[in-house]
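Trainee: Here it is, the structure in full.
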Amino acid sequence: MIAKDLGNYLDSVEAYITVKDLAVSVGIDVKTIRRILNCEIETDFCNLVTICDFLYKSDERLIEWCYTLEKPGNIRAAMEYMTVNKKHDDLKAYLYKKALNSDSKMLKRWGKMYLLVLDYENNPYDHIAMLRKIRSAIPGDDEMGILLRLLEANICYRILCSESTYLYEMSRICDEIADDIYNMKECFLKKTFTLRLQDLICKRELYVRANVEKAREYALKNINQEICALFKANAYYQVGLSFTFESHDQRQRNTEMAIKTYREAGYGHFADELEQLALPFADAYYGVEVLDGGKEEIAHYEAKWGDKEKALRLIEEEIAESGETMYLLYYKGIATGDDNLLIKSLSQFLRVGDNFFAQLPLDHLRKSNSPLVMAAETMYDQFTK
């Protein structure tokens, strides 16, 4: 199928193009292109991604090509491609066709692992249960061991719990596996594992270390890649977050780029969430009136700039409906002028490992010349130095 599609392209282009011209255009050596055309080799999965992107500008044909693959390394790469690009229906069908019913024990183990990931992605509610499963899984090879650690780190990022510092665990895992990933042989898994790691390190640098420059550095790496639109959109969002305390324009501009990228890639639910929560948050922080949005976003604006009684009413309604959060404590603290609430909010931010947004209550205490500011500074320094 791959050779036929390549041949059809060469035969159908209006302006005559040689195999050599095609090789130069896709960045693959001409001998490899000729061997693909002659059905002499099953080329590396990275080459398939490159060729498909050049010929079709979409991955529908690539998914079809995946069913023709026989090399275990390529089948493994195909499962990873579908996973990082959230091709859930395609992945499920592919797992049963090429991995779970394979004669290869190794492919069966990889298939079972990706099936576990797929089940979690389709029902991402019980993070702790998934964390236990990932931690108890026995890797079949070194690459699977690395992926399990990446999955563990990603789940730790998703868990918001003031009783345990999961963001710090995520940070530790990133440090432990970075060299293993960078020392992998060049292959598709190395590329996607690197993207996974850069996505996590960007979040670590922003939230845990509050280092906006480093966070943007890692985000830029994931913006400048074409393997996975999800990581690109995530990176734009993280860049936007990094400008929260510096620039309303940069915060919103990058968030809007994230929304656009999510939508173009078919992740409308992520785009909707940013429109409903992230954009109003920055408007409220910078004093742009929030008329549309949820109670929490309107309460934020009113608490800081407007009707404090209205803010308190909305905050109490949110607490009754969803429970007390560090953000609601911050909004309530600035609405009432209660420094103890701001200290409580700061403490919760720090306990979960979010040292970046811990600056919200800390900065308000600083600007109000609160008598508690020294205690707040000491608390912040203990977690960030």
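To be explicit about the labels: the chains of the structure tokens are called A, B, and onward in the order shown, and within each one the residues are counted from 1, while ligands get numbers from 1 in the order they are shown.
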At a cut-off of 6 Å, using only C-alpha atoms, what residues contact A:Gly353? Leave out same-chain residues fewer than 3 positions from it and give the result as an NGL selection string.
Mentor: :A and (165 or 167 or 208 or 350)
Trainee: Next, write the just-selected residues to a file, as a PDB file, in the first residue's frame, keeping N, CA, C and O atoms as the atom set.
Mentor:
```
ATOM      1  N   THR A 165       2.354  15.666  47.912  1.00  0.00           N
ATOM      2  CA  THR A 165       2.973  16.562  46.938  1.00  0.00           C
ATOM      3  C   THR A 165       3.238  15.838  45.617  1.00  0.00           C
ATOM      4  O   THR A 165       4.380  15.525  45.270  1.00  0.00           O
ATOM      5  N   LEU A 167       2.995  16.955  42.589  1.00  0.00           N
ATOM      6  CA  LEU A 167       3.775  17.738  41.626  1.00  0.00           C
ATOM      7  C   LEU A 167       5.272  17.565  41.872  1.00  0.00           C
ATOM      8  O   LEU A 167       6.065  17.531  40.933  1.00  0.00           O
ATOM      9  N   VAL A 208       6.328  24.061  39.878  1.00  0.00           N
ATOM     10  CA  VAL A 208       7.142  23.691  41.031  1.00  0.00           C
ATOM     11  C   VAL A 208       8.265  24.685  41.264  1.00  0.00           C
ATOM     12  O   VAL A 208       8.518  25.098  42.402  1.00  0.00           O
ATOM     13  N   LEU A 350       1.038  25.864  48.220  1.00  0.00           N
ATOM     14  CA  LEU A 350       2.375  25.331  48.468  1.00  0.00           C
ATOM     15  C   LEU A 350       2.336  23.834  48.763  1.00  0.00           C
ATOM     16  O   LEU A 350       3.230  23.094  48.347  1.00  0.00           O
TER      17      LEU A 350
END
```
Trainee: Got a sec: who's within 10 Å of stretch 217-234 of chain A, counting only C-alpha atoms, leaving out chain neighbours fewer than 4 positions off, as a PyMOL selection string?
Mentor: chain A and resi 46+49-50+53+81-82+84-86+188+191-192+194-203+205+212-213+238-240+254-267+270-271
Trainee: Work out how far apart atom CA of A:Arg251 and atom CA of A:Pro280 are and give it in Å to one decimal.
Mentor: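 We find that atom CA of A:Arg251 and atom CA of A:Pro280 lie 11.2 Å from each other.
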Trainee: For stretch 321-331 of chain A, please output as a ChimeraX atom specification all residues within 7 Å (counting only C-alpha atoms; exclusion window: fewer than 3 positions along the same chain).
Mentor: /A:300,303,315,317-318,334-335,341-342,345,348-349,361
Trainee: Using only C-alpha atoms, pick whichever of A:Val24, A:Lys304, A:Lys190, A:Ile51 has the shortest atom-to-atom distance to A:Asp5.
Mentor: A:Ile51
Trainee: Which polymer residues have any atom within 9 Å of an atom of stretch 245-247 of chain A, counting only C-alpha atoms, with same-chain residues fewer than 2 positions away left out, as a list in words?
Mentor: Leu241, Ser242, Phe243, Asp249, Gln250, Arg251, Gln252, Tyr285, Tyr286, Gln359 and Leu360 of chain A
Trainee: If you run DSSP on the backbone, which residues of stretch 219-379 of chain A are helix (DSSP H, G or I), as an NGL selection string?
Mentor: :A and (219-223 or 229-242 or 248-264 or 268-285 or 295-305 or 308-322 or 326-336 or 339-352 or 359-367 or 373-379)
Trainee: Between atom CA of A:Pro371 and atom CA of A:Ile298, what is the distance, to one decimal in Å?
Mentor: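 Atom-to-atom, atom CA of A:Pro371 and atom CA of A:Ile298 are spaced 28.7 Å apart.
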